[in-house]
>>> print(open('my_file-v2.cif').read())   # mmCIF, C-alpha atoms
data_entry
#
loop_
_atom_site.label_atom_id
_atom_site.label_comp_id
_atom_site.auth_asym_id
_atom_site.auth_seq_id
_atom_site.Cartn_x
_atom_site.Cartn_y
_atom_site.Cartn_z
CA MET A 1 70.57 53.74 85.62
CA ILE A 2 71.88 57.20 86.46
CA PRO A 3 69.94 59.97 84.65
CA SER A 4 72.02 61.71 81.96
CA PHE A 5 71.44 65.03 83.73
CA PHE A 6 74.08 64.09 86.27
CA LEU A 7 76.58 63.63 83.44
CA LYS A 8 75.67 67.06 82.09
CA MET A 9 76.19 68.56 85.54
CA LEU A 10 79.76 67.24 85.84
CA PRO A 11 81.70 70.14 84.21
CA TYR A 12 79.77 72.65 86.29
CA ILE A 13 80.25 70.76 89.55
CA PHE A 14 83.95 70.57 88.76
CA THR A 15 83.93 74.34 88.12
CA ILE A 16 82.20 75.09 91.43
CA VAL A 17 84.73 72.98 93.36
CA VAL A 18 87.69 74.71 91.72
CA LEU A 19 86.19 78.17 92.26
CA ILE A 20 85.78 77.37 95.96
CA ILE A 21 89.48 76.45 96.07
CA VAL A 22 90.67 79.66 94.42
CA THR A 23 88.58 81.99 96.57
CA ARG A 24 90.07 80.48 99.76
CA LYS A 25 93.40 82.22 100.17
CA ALA A 26 95.25 79.44 101.99
CA LEU A 27 94.14 76.77 99.52
CA ALA A 28 94.93 79.02 96.54
CA ASN A 29 98.50 79.61 97.72
CA ARG A 30 99.04 75.87 98.05
CA VAL A 31 98.16 75.27 94.39
CA GLY A 32 100.52 78.06 93.27
CA ALA A 33 98.26 81.05 92.66
CA PRO A 34 99.91 84.43 91.96
CA GLY A 35 100.49 86.02 95.38
CA ALA A 36 98.51 89.19 94.79
CA LEU A 37 95.61 87.54 92.94
CA GLY A 38 92.37 89.29 93.75
CA LEU A 39 93.97 92.03 95.86
CA HIS A 40 93.91 95.62 94.67
CA TYR A 41 97.08 97.69 94.66
CA ASP A 42 97.21 101.31 95.67
CA ARG A 43 100.48 103.21 95.27
CA GLU A 44 99.59 105.56 98.10
CA GLU A 45 99.13 102.77 100.64
CA ARG A 46 102.62 101.41 100.02
CA MET B 47 85.26 51.08 62.20
CA GLN B 48 86.01 51.38 65.90
CA GLU B 49 89.28 53.23 65.18
CA GLY B 50 87.55 55.75 62.94
CA PHE B 51 85.02 56.47 65.66
CA ILE B 52 87.72 57.11 68.27
CA ILE B 53 89.58 59.43 65.88
CA ILE B 54 86.40 61.43 65.26
CA ILE B 55 85.72 61.71 69.00
CA MET B 56 89.27 62.94 69.68
CA ALA B 57 89.23 65.45 66.80
CA THR B 58 85.89 66.78 68.08
CA ALA B 59 87.28 67.03 71.61
CA ILE B 60 89.95 69.37 70.25
CA THR B 61 87.46 71.62 68.44
CA ALA B 62 85.23 71.63 71.52
CA GLY B 63 88.21 72.49 73.74
CA THR B 64 89.46 75.36 71.56
CA PRO B 65 86.98 78.07 72.70
CA ILE B 66 87.72 77.15 76.32
CA LEU B 67 91.46 77.12 75.57
CA PHE B 68 91.40 80.66 74.12
CA ALA B 69 89.37 82.03 77.02
CA ALA B 70 91.55 80.27 79.59
CA LEU B 71 94.79 81.51 77.97
CA GLY B 72 93.42 85.04 78.34
CA GLU B 73 92.46 84.33 81.93
CA ILE B 74 96.00 83.07 82.64
CA LEU B 75 97.46 86.40 81.48
CA THR B 76 94.90 88.36 83.52
CA GLU B 77 95.39 86.34 86.70
CA ARG B 78 99.17 86.35 86.34
CA SER B 79 98.98 90.15 86.63
CA GLY B 80 97.01 89.73 89.88
CA ILE B 81 93.51 90.54 88.63
CA LEU B 82 90.79 87.89 88.98
CA ASN B 83 88.46 88.12 85.98
CA LEU B 84 85.16 86.34 86.59
CA GLY B 85 83.62 88.16 83.62
CA VAL B 86 85.03 85.69 81.08
CA GLU B 87 81.57 84.25 80.40
CA GLY B 88 80.20 87.71 79.58
CA MET B 89 83.23 88.63 77.47
CA MET B 90 82.93 85.37 75.53
CA LEU B 91 79.24 86.06 74.82
CA VAL B 92 79.85 89.62 73.68
CA GLY B 93 82.79 88.37 71.60
CA ALA B 94 80.61 85.64 70.08
CA VAL B 95 77.82 87.99 69.06
CA SER B 96 80.05 90.77 67.73
CA GLY B 97 82.29 88.27 65.95
CA PHE B 98 79.23 86.79 64.29
CA ALA B 99 77.84 90.24 63.41
CA PHE B 100 81.16 91.37 61.89
CA ALA B 101 81.66 88.10 60.02
CA ILE B 102 78.17 88.14 58.50
CA SER B 103 78.21 91.84 57.55
CA PHE B 104 81.71 91.89 56.05
CA GLY B 105 81.58 88.37 54.64
CA ASN B 106 85.00 87.49 56.06
CA PRO B 107 85.47 85.36 59.20
CA TRP B 108 88.83 87.02 59.98
CA ILE B 109 87.12 90.41 60.29
CA GLY B 110 84.72 88.67 62.66
CA VAL B 111 87.68 87.52 64.74
CA LEU B 112 89.03 91.09 64.87
CA GLY B 113 85.60 92.42 65.85
CA ALA B 114 85.27 89.82 68.60
CA MET B 115 88.70 90.64 70.00
CA LEU B 116 87.85 94.34 69.93
CA ALA B 117 84.57 93.76 71.78
CA GLY B 118 86.18 91.46 74.35
CA GLY B 119 88.96 94.01 74.85
CA LEU B 120 86.44 96.80 75.45
CA MET B 121 84.59 94.68 78.04
CA ALA B 122 87.92 93.96 79.74
CA LEU B 123 88.78 97.66 79.66
CA ILE B 124 85.70 98.29 81.85
CA HIS B 125 86.95 95.57 84.22
CA ALA B 126 90.47 97.05 84.25
CA PHE B 127 89.15 100.55 84.93
CA LEU B 128 86.94 99.35 87.80
CA THR B 129 89.48 97.05 89.46
CA VAL B 130 92.82 98.78 88.78
CA THR B 131 91.93 102.48 88.80
CA MET B 132 88.80 102.47 90.98
CA GLN B 133 90.02 99.51 93.10
CA ALA B 134 86.64 97.82 93.24
CA ASN B 135 86.19 94.26 94.51
CA GLN B 136 87.33 92.03 91.65
CA VAL B 137 84.87 89.21 92.35
CA VAL B 138 81.88 91.58 92.32
CA THR B 139 82.96 93.47 89.17
CA GLY B 140 83.66 90.20 87.38
CA LEU B 141 80.23 88.80 88.20
CA ALA B 142 78.64 92.11 87.20
CA LEU B 143 80.41 91.96 83.82
CA THR B 144 79.15 88.42 83.26
CA LEU B 145 75.56 89.53 83.90
CA PHE B 146 76.09 92.64 81.76
CA GLY B 147 77.65 90.64 78.93
CA THR B 148 74.84 88.07 78.98
CA GLY B 149 72.22 90.81 78.67
CA LEU B 150 74.15 92.90 76.15
CA SER B 151 74.86 89.93 73.87
CA GLY B 152 71.20 88.87 73.97
CA PHE B 153 70.17 92.41 73.06
CA LEU B 154 72.72 92.89 70.27
CA GLY B 155 72.16 89.40 68.90
CA LYS B 156 68.35 89.64 68.46
CA PRO B 157 68.52 90.22 64.66
CA PHE B 158 71.05 87.39 64.17
CA ILE B 159 69.37 84.50 66.01
CA GLY B 160 69.35 81.29 64.00
CA ILE B 161 70.92 82.70 60.81
CA PRO B 162 73.53 80.23 59.50
CA LEU B 163 76.93 81.72 58.70
CA GLU B 164 78.04 80.66 55.24
CA ASN B 165 81.59 82.03 55.21
CA SER B 166 82.59 80.34 58.46
CA PHE B 167 85.97 78.75 59.17
CA LYS B 168 86.22 75.37 57.43
CA PRO B 169 88.65 72.55 58.29
CA VAL B 170 91.90 72.78 56.31
CA SER B 171 94.27 69.84 56.00
CA LEU B 172 97.90 70.77 56.65
CA GLY B 173 99.49 68.92 53.71
CA ILE B 174 101.90 66.19 54.81
CA LEU B 175 101.06 66.66 58.50
CA GLY B 176 97.39 65.97 57.77
CA ASP B 177 98.32 62.63 56.15
CA ILE B 178 100.04 61.18 59.24
CA PRO B 179 98.02 58.12 60.27
CA TYR B 180 95.89 58.63 63.42
CA LEU B 181 97.57 61.94 64.47
CA GLY B 182 96.86 63.71 61.17
CA PRO B 183 93.06 63.52 61.27
CA ILE B 184 93.03 64.35 64.99
CA PHE B 185 95.36 67.36 65.07
CA PHE B 186 96.02 68.61 61.54
CA GLN B 187 92.69 68.51 59.74
CA GLN B 188 91.13 71.32 61.77
CA ASP B 189 90.10 74.89 61.02
CA PRO B 190 92.58 77.84 61.02
CA LEU B 191 91.61 79.05 64.51
CA VAL B 192 92.62 75.68 65.99
CA TYR B 193 96.04 76.07 64.36
CA LEU B 194 96.17 79.59 65.82
CA SER B 195 95.66 78.07 69.28
CA TYR B 196 98.52 75.60 68.62
CA ILE B 197 100.78 78.63 67.97
CA LEU B 198 99.40 80.73 70.80
CA VAL B 199 100.14 78.20 73.57
CA PRO B 200 103.97 78.08 73.13
CA VAL B 201 104.08 81.82 72.35
CA LEU B 202 102.33 82.69 75.62
CA TRP B 203 104.50 80.18 77.51
CA LEU B 204 107.62 81.90 76.15
CA LEU B 205 106.13 85.32 76.95
CA ILE B 206 105.37 84.40 80.57
CA TYR B 207 108.52 82.43 81.43
CA LYS B 208 111.30 83.54 79.08
CA THR B 209 110.95 87.26 78.43
CA ARG B 210 111.49 90.44 80.42
CA ALA B 211 107.85 91.43 79.90
CA GLY B 212 106.79 88.08 81.35
CA LEU B 213 109.05 88.55 84.36
CA ASN B 214 107.43 91.94 84.97
CA LEU B 215 104.00 90.36 84.58
CA ARG B 216 104.75 87.64 87.13
CA ALA B 217 106.34 90.15 89.51
CA VAL B 218 103.25 92.36 89.39
CA GLY B 219 101.04 89.35 90.12
CA GLU B 220 103.16 88.06 93.00
CA ASN B 221 104.06 91.27 94.76
CA PRO B 222 102.99 94.55 93.18
CA ALA B 223 104.71 96.70 95.82
CA SER B 224 108.13 95.14 95.10
CA ALA B 225 107.58 95.36 91.35
CA ASP B 226 106.65 99.02 91.71
CA SER B 227 109.77 99.78 93.75
CA LEU B 228 111.85 98.31 90.92
CA GLY B 229 110.28 100.70 88.43
CA VAL B 230 107.60 98.49 86.86
CA SER B 231 104.39 100.41 86.29
CA VAL B 232 101.87 98.14 88.06
CA TYR B 233 98.81 99.93 86.70
CA ARG B 234 100.08 99.84 83.12
CA VAL B 235 101.02 96.13 83.26
CA ARG B 236 97.64 95.26 84.76
CA TYR B 237 95.72 97.30 82.18
CA ILE B 238 97.63 95.67 79.31
CA TYR B 239 97.13 92.07 80.45
CA VAL B 240 93.51 92.48 81.57
CA VAL B 241 92.67 93.87 78.12
CA MET B 242 94.67 91.11 76.39
CA GLY B 243 92.79 88.56 78.50
CA GLY B 244 89.48 90.05 77.42
CA MET B 245 90.54 89.98 73.77
CA LEU B 246 91.35 86.26 74.03
CA ALA B 247 88.03 85.60 75.80
CA GLY B 248 86.28 87.38 72.91
CA LEU B 249 88.21 85.22 70.48
CA GLY B 250 87.07 82.12 72.36
CA GLY B 251 83.47 83.25 72.05
CA ALA B 252 83.95 84.02 68.36
CA TYR B 253 85.28 80.51 67.81
CA LEU B 254 81.88 79.21 68.97
CA SER B 255 79.84 81.46 66.69
CA ILE B 256 82.15 81.58 63.63
CA ALA B 257 83.71 78.10 63.51
CA TYR B 258 82.14 75.64 65.96
CA ALA B 259 78.39 76.18 65.55
CA PRO B 260 78.53 78.38 63.21
CA THR B 261 75.48 80.46 64.10
CA TRP B 262 74.40 82.74 66.90
CA LEU B 263 72.01 81.65 69.65
CA GLU B 264 71.30 83.47 72.87
CA HIS B 265 73.59 82.27 75.67
CA MET B 266 75.44 79.90 73.35
CA THR B 267 78.56 79.72 75.55
CA ALA B 268 76.49 77.76 78.12
CA GLY B 269 78.95 78.17 80.99
CA ARG B 270 82.16 77.62 79.02
CA GLY B 271 83.56 80.87 80.45
CA TRP B 272 83.23 79.47 83.96
CA ILE B 273 84.88 76.23 82.89
CA ALA B 274 87.75 78.33 81.50
CA VAL B 275 88.17 80.10 84.86
CA ALA B 276 88.30 76.73 86.61
CA LEU B 277 90.76 75.27 84.10
CA VAL B 278 93.24 78.08 84.75
CA ILE B 279 93.47 76.92 88.35
CA PHE B 280 93.58 73.28 87.32
CA ALA B 281 96.47 74.10 84.94
CA THR B 282 98.25 76.02 87.74
CA TRP B 283 98.51 79.19 85.61
CA ASN B 284 100.70 77.47 83.00
CA PRO B 285 99.72 77.66 79.27
CA VAL B 286 101.34 74.32 78.35
CA ARG B 287 99.54 72.39 81.09
CA LEU B 288 96.38 74.23 80.14
CA CYS B 289 96.66 72.88 76.60
CA LEU B 290 96.46 69.29 77.89
CA VAL B 291 93.64 70.03 80.34
CA ALA B 292 91.60 71.90 77.71
CA ILE B 293 91.44 68.90 75.39
CA PHE B 294 90.04 66.70 78.15
CA SER B 295 87.54 69.31 79.24
CA GLY B 296 86.70 69.88 75.59
CA GLY B 297 85.71 66.24 75.47
CA SER B 298 83.64 66.74 78.60
CA THR B 299 81.75 69.69 77.06
CA LEU B 300 80.68 67.72 73.99
CA TRP B 301 77.25 67.26 75.55
CA LEU B 302 76.85 70.96 76.44
CA PRO B 303 73.92 72.57 74.65
CA CYS B 304 75.21 74.00 71.38
CA PRO B 305 73.85 73.76 67.84
CA GLY B 306 77.24 72.44 66.78
CA ASN B 307 76.76 69.09 68.46
CA GLY B 308 73.25 68.48 67.29
CA TYR B 309 70.98 69.61 70.08
CA TYR B 310 70.12 72.65 72.13
CA ASP B 311 67.90 71.64 75.01
CA SER B 312 68.23 74.06 77.88
CA ILE B 313 70.20 76.87 79.42
CA LEU B 314 72.08 75.65 82.43
CA LEU B 315 73.91 78.53 84.09
CA PRO B 316 72.65 82.06 84.81
#
>>> encode(input="my_file-v2.cif", output="structure tokens")
Amino acid sequence: MIPSFFLKMLPYIFTIVVLIIVTRKALANRVGAPGALGLHYDREER
Amino acid sequence: MQEGFIIIIMATAITAGTPILFAALGEILTERSGILNLGVEGMMLVGAVSGFAFAISFGNPWIGVLGAMLAGGLMALIHAFLTVTMQANQVVTGLALTLFGTGLSGFLGKPFIGIPLENSFKPVSLGILGDIPYLGPIFFQQDPLVYLSYILVPVLWLLIYKTRAGLNLRAVGENPASADSLGVSVYRVRYIYVVMGGMLAGLGGAYLSIAYAPTWLEHMTAGRGWIAVALVIFATWNPVRLCLVAIFSGGSTLWLPCPGNGYYDSILLP
């Protein structure tokens, strides 16, 4: 029998995996993230 | 017998998915404008405690909802100021807001721990729709906030994909420099949608404390804010896809610690 704790972990493990994907720029672009997600924008640097 | 059990499970999956759905809809708006908000968990907690406080002091759950949205919006305003105006690292500010929100909600919620909320949202059957076999009890015998989420999903989809404001929002998220050169105020758009995202996260928290539980316990979101952040990615930043994903993940959070589902054993995430 698998302890029920592993079942309780599932949503969090899923969350960790997805967060790893979104913080990797190349992977994030492949799943269709907004291009400037996580980048700050400064008018004066334009 | 078996059928009735499956219907109850599916109806509960929808109620369990609703707080995550609200928070994730807010996160979609925020991320579409190009700001990553990892403070959803904190905003949900602050929304939950202030929603509960407003609902119990004014005796009206709708005032609680307004209070929660106000509190979530204020938390998001801090995030917007730090990331848009001060240009801080969005991951760090988001995490800081989660820690801040966890502490603040615990502090503010001390006098409210364990008090049951009498005037909470109760399930309302939607007339003829509620009488449809199978679908009626699953979708149309829920509380008013669930119906609000049914309306919010298509409204936000229309906003993002079919209106001028949504086009500006997507442009700012994809390429702020180009949007700026076409006369869209990047800072203003980002402020508006980050605050709207925070308000929806607060609403998601309030759903837990005003309708789902309905009581306040320290750290009652139990990581739902993080699940919301992950679902946004899983739904590829699309409200309609999110709606489908949220129901499944709602089912998967049925065993999360919350007084609403019968037990509260431990706190799992920081």
>>> closest_residue(input="my_file-v2.cif", among="A:Leu39, A:Glu44, A:Gly32, A:Ile21", to="Val275 in chain B", atoms="all atoms listed in the file")
A:Ile21
>>> interface_residues(input="my_file-v2.cif", of="chain A", to="chain B", cutoff="9 Å", atoms="all atoms listed in the file", output="PDB file with C-alpha atoms, in the coordinates of the input")
ATOM      1  CA  LEU A   7      76.580  63.630  83.440  1.00  0.00           C
ATOM      2  CA  LYS A   8      75.670  67.060  82.090  1.00  0.00           C
ATOM      3  CA  MET A   9      76.190  68.560  85.540  1.00  0.00           C
ATOM      4  CA  LEU A  10      79.760  67.240  85.840  1.00  0.00           C
ATOM      5  CA  PRO A  11      81.700  70.140  84.210  1.00  0.00           C
ATOM      6  CA  TYR A  12      79.770  72.650  86.290  1.00  0.00           C
ATOM      7  CA  PHE A  14      83.950  70.570  88.760  1.00  0.00           C
ATOM      8  CA  THR A  15      83.930  74.340  88.120  1.00  0.00           C
ATOM      9  CA  ILE A  16      82.200  75.090  91.430  1.00  0.00           C
ATOM     10  CA  VAL A  17      84.730  72.980  93.360  1.00  0.00           C
ATOM     11  CA  VAL A  18      87.690  74.710  91.720  1.00  0.00           C
ATOM     12  CA  LEU A  19      86.190  78.170  92.260  1.00  0.00           C
ATOM     13  CA  ILE A  21      89.480  76.450  96.070  1.00  0.00           C
ATOM     14  CA  VAL A  22      90.670  79.660  94.420  1.00  0.00           C
ATOM     15  CA  ALA A  28      94.930  79.020  96.540  1.00  0.00           C
ATOM     16  CA  VAL A  31      98.160  75.270  94.390  1.00  0.00           C
ATOM     17  CA  GLY A  32     100.520  78.060  93.270  1.00  0.00           C
ATOM     18  CA  ALA A  33      98.260  81.050  92.660  1.00  0.00           C
ATOM     19  CA  PRO A  34      99.910  84.430  91.960  1.00  0.00           C
ATOM     20  CA  GLY A  35     100.490  86.020  95.380  1.00  0.00           C
ATOM     21  CA  ALA A  36      98.510  89.190  94.790  1.00  0.00           C
ATOM     22  CA  LEU A  37      95.610  87.540  92.940  1.00  0.00           C
ATOM     23  CA  GLY A  38      92.370  89.290  93.750  1.00  0.00           C
ATOM     24  CA  LEU A  39      93.970  92.030  95.860  1.00  0.00           C
ATOM     25  CA  HIS A  40      93.910  95.620  94.670  1.00  0.00           C
ATOM     26  CA  TYR A  41      97.080  97.690  94.660  1.00  0.00           C
ATOM     27  CA  ASP A  42      97.210 101.310  95.670  1.00  0.00           C
ATOM     28  CA  ARG A  43     100.480 103.210  95.270  1.00  0.00           C
ATOM     29  CA  ARG A  46     102.620 101.410 100.020  1.00  0.00           C
TER      30      ARG A  46
END
>>> residues_around(input="my_file-v2.cif", residues="range 53-60 of chain B", least_positions_apart="2", cutoff="12 Å", atoms="only C-alpha atoms", output="PyMOL selection string")
chain B and resi 47-51+62-67+169+179-189+191-193+195-196+258+289-301+306-307
>>> closest_residue(input="my_file-v2.cif", among="B:Leu205, B:Met266, B:Met90, B:Leu123", to="Ile74 in chain B", atoms="all atoms listed in the file")
B:Leu205
>>> atom_distance(input="my_file-v2.cif", atom1="CA of Ser4 in chain A", atom2="CA of Thr61 in chain B")
22.8 Å
>>> atom_distance(input="my_file-v2.cif", atom1="CA of Leu172 in chain B", atom2="CA of Pro190 in chain B")
9.9 Å
>>> axis_aligned_box(input="my_file-v2.cif", around="range 187-204 of chain B", padding_each_side="6 Å", output="lines of an AutoDock Vina configuration file")
center_x = 98.9
center_y = 75.6
center_z = 68.6
size_x = 29.5
size_y = 26.2
size_z = 29.8
>>> atom_distance(input="my_file-v2.cif", atom1="CA of Leu194 in chain B", atom2="CA of Met89 in chain B")
19.6 Å
>>> resolve_selection(input="my_file-v2.cif", expression="the PyMOL selection byres ((chain B and resi 121) around 12)", output="number ranges by chain")
B: 83-93, 96, 114-120, 122-128, 139-140, 142-148, 150-151, 240-248
>>> write_last_selection(input="my_file-v2.cif", atoms="C-alpha atoms", output="tab-separated table (two decimals), in the frame of the given file")
chain	number	residue	atom	x	y	z
B	83	ASN	CA	88.46	88.12	85.98
B	84	LEU	CA	85.16	86.34	86.59
B	85	GLY	CA	83.62	88.16	83.62
B	86	VAL	CA	85.03	85.69	81.08
B	87	GLU	CA	81.57	84.25	80.40
B	88	GLY	CA	80.20	87.71	79.58
B	89	MET	CA	83.23	88.63	77.47
B	90	MET	CA	82.93	85.37	75.53
B	91	LEU	CA	79.24	86.06	74.82
B	92	VAL	CA	79.85	89.62	73.68
B	93	GLY	CA	82.79	88.37	71.60
B	96	SER	CA	80.05	90.77	67.73
B	114	ALA	CA	85.27	89.82	68.60
B	115	MET	CA	88.70	90.64	70.00
B	116	LEU	CA	87.85	94.34	69.93
B	117	ALA	CA	84.57	93.76	71.78
B	118	GLY	CA	86.18	91.46	74.35
B	119	GLY	CA	88.96	94.01	74.85
B	120	LEU	CA	86.44	96.80	75.45
B	122	ALA	CA	87.92	93.96	79.74
B	123	LEU	CA	88.78	97.66	79.66
B	124	ILE	CA	85.70	98.29	81.85
B	125	HIS	CA	86.95	95.57	84.22
B	126	ALA	CA	90.47	97.05	84.25
B	127	PHE	CA	89.15	100.55	84.93
B	128	LEU	CA	86.94	99.35	87.80
B	139	THR	CA	82.96	93.47	89.17
B	140	GLY	CA	83.66	90.20	87.38
B	142	ALA	CA	78.64	92.11	87.20
B	143	LEU	CA	80.41	91.96	83.82
B	144	THR	CA	79.15	88.42	83.26
B	145	LEU	CA	75.56	89.53	83.90
B	146	PHE	CA	76.09	92.64	81.76
B	147	GLY	CA	77.65	90.64	78.93
B	148	THR	CA	74.84	88.07	78.98
B	150	LEU	CA	74.15	92.90	76.15
B	151	SER	CA	74.86	89.93	73.87
B	240	VAL	CA	93.51	92.48	81.57
B	241	VAL	CA	92.67	93.87	78.12
B	242	MET	CA	94.67	91.11	76.39
B	243	GLY	CA	92.79	88.56	78.50
B	244	GLY	CA	89.48	90.05	77.42
B	245	MET	CA	90.54	89.98	73.77
B	246	LEU	CA	91.35	86.26	74.03
B	247	ALA	CA	88.03	85.60	75.80
B	248	GLY	CA	86.28	87.38	72.91
>>> residues_around(input="my_file-v2.cif", residues="Pro107 in chain B", least_positions_apart="6", cutoff="12 Å", atoms="all atoms listed in the file", output="MDAnalysis selection string")
chainID B and resid 94 96:101 113:114 163:168 189:191 249 252:253 255:257 260
>>> closest_residue(input="my_file-v2.cif", among="B:Ile102, B:Val95, B:Ile178, B:Leu228", to="Gly149 in chain B", atoms="all atoms listed in the file")
B:Val95
>>> decode(input="my_file-v2.cif", residues="chain A", atoms="C-alpha atoms", output="PDB file, in the first residue's frame")
ATOM      1  CA  MET A   1       0.000   0.000   0.000  1.00  0.00           C
ATOM      2  CA  ILE A   2       1.163   3.527  -0.795  1.00  0.00           C
ATOM      3  CA  PRO A   3       0.812   5.887   2.202  1.00  0.00           C
ATOM      4  CA  SER A   4      -1.917   8.512   1.694  1.00  0.00           C
ATOM      5  CA  PHE A   5       0.682  11.243   2.220  1.00  0.00           C
ATOM      6  CA  PHE A   6       1.904  10.706  -1.320  1.00  0.00           C
ATOM      7  CA  LEU A   7      -1.619  11.376  -2.594  1.00  0.00           C
ATOM      8  CA  LYS A   8      -1.727  14.584  -0.560  1.00  0.00           C
ATOM      9  CA  MET A   9       1.611  15.636  -2.047  1.00  0.00           C
ATOM     10  CA  LEU A  10       0.382  15.318  -5.643  1.00  0.00           C
ATOM     11  CA  PRO A  11      -1.053  18.848  -6.189  1.00  0.00           C
ATOM     12  CA  TYR A  12       2.092  20.395  -4.732  1.00  0.00           C
ATOM     13  CA  ILE A  13       4.455  18.242  -6.789  1.00  0.00           C
ATOM     14  CA  PHE A  14       2.457  19.206  -9.865  1.00  0.00           C
ATOM     15  CA  THR A  15       2.787  22.870  -8.842  1.00  0.00           C
ATOM     16  CA  ILE A  16       6.557  22.618  -8.389  1.00  0.00           C
ATOM     17  CA  VAL A  17       6.973  21.017 -11.833  1.00  0.00           C
ATOM     18  CA  VAL A  18       4.909  23.720 -13.533  1.00  0.00           C
ATOM     19  CA  LEU A  19       6.732  26.512 -11.686  1.00  0.00           C
ATOM     20  CA  ILE A  20      10.050  25.095 -12.884  1.00  0.00           C
ATOM     21  CA  ILE A  21       8.709  25.218 -16.452  1.00  0.00           C
ATOM     22  CA  VAL A  22       7.578  28.843 -16.243  1.00  0.00           C
ATOM     23  CA  THR A  23      10.790  30.157 -14.709  1.00  0.00           C
ATOM     24  CA  ARG A  24      12.841  28.659 -17.569  1.00  0.00           C
ATOM     25  CA  LYS A  25      12.536  31.170 -20.379  1.00  0.00           C
ATOM     26  CA  ALA A  26      12.919  28.765 -23.306  1.00  0.00           C
ATOM     27  CA  LEU A  27      10.387  26.298 -21.899  1.00  0.00           C
ATOM     28  CA  ALA A  28       7.940  29.095 -21.030  1.00  0.00           C
ATOM     29  CA  ASN A  29       7.979  30.460 -24.583  1.00  0.00           C
ATOM     30  CA  ARG A  30       7.214  27.007 -25.944  1.00  0.00           C
ATOM     31  CA  VAL A  31       4.012  26.743 -23.885  1.00  0.00           C
ATOM     32  CA  GLY A  32       2.880  30.205 -25.021  1.00  0.00           C
ATOM     33  CA  ALA A  33       3.791  32.514 -22.148  1.00  0.00           C
ATOM     34  CA  PRO A  34       3.411  36.285 -22.688  1.00  0.00           C
ATOM     35  CA  GLY A  35       6.718  37.446 -24.194  1.00  0.00           C
ATOM     36  CA  ALA A  36       7.596  39.998 -21.544  1.00  0.00           C
ATOM     37  CA  LEU A  37       6.467  37.909 -18.553  1.00  0.00           C
ATOM     38  CA  GLY A  38       8.702  38.559 -15.582  1.00  0.00           C
ATOM     39  CA  LEU A  39      10.751  41.281 -17.275  1.00  0.00           C
ATOM     40  CA  HIS A  40      10.548  44.851 -16.047  1.00  0.00           C
ATOM     41  CA  TYR A  41       9.982  47.692 -18.479  1.00  0.00           C
ATOM     42  CA  ASP A  42      11.729  51.021 -18.256  1.00  0.00           C
ATOM     43  CA  ARG A  43      10.731  53.786 -20.665  1.00  0.00           C
ATOM     44  CA  GLU A  44      14.169  55.346 -20.466  1.00  0.00           C
ATOM     45  CA  GLU A  45      15.980  52.194 -21.582  1.00  0.00           C
ATOM     46  CA  ARG A  46      13.927  51.957 -24.769  1.00  0.00           C
TER      47      ARG A  46
END
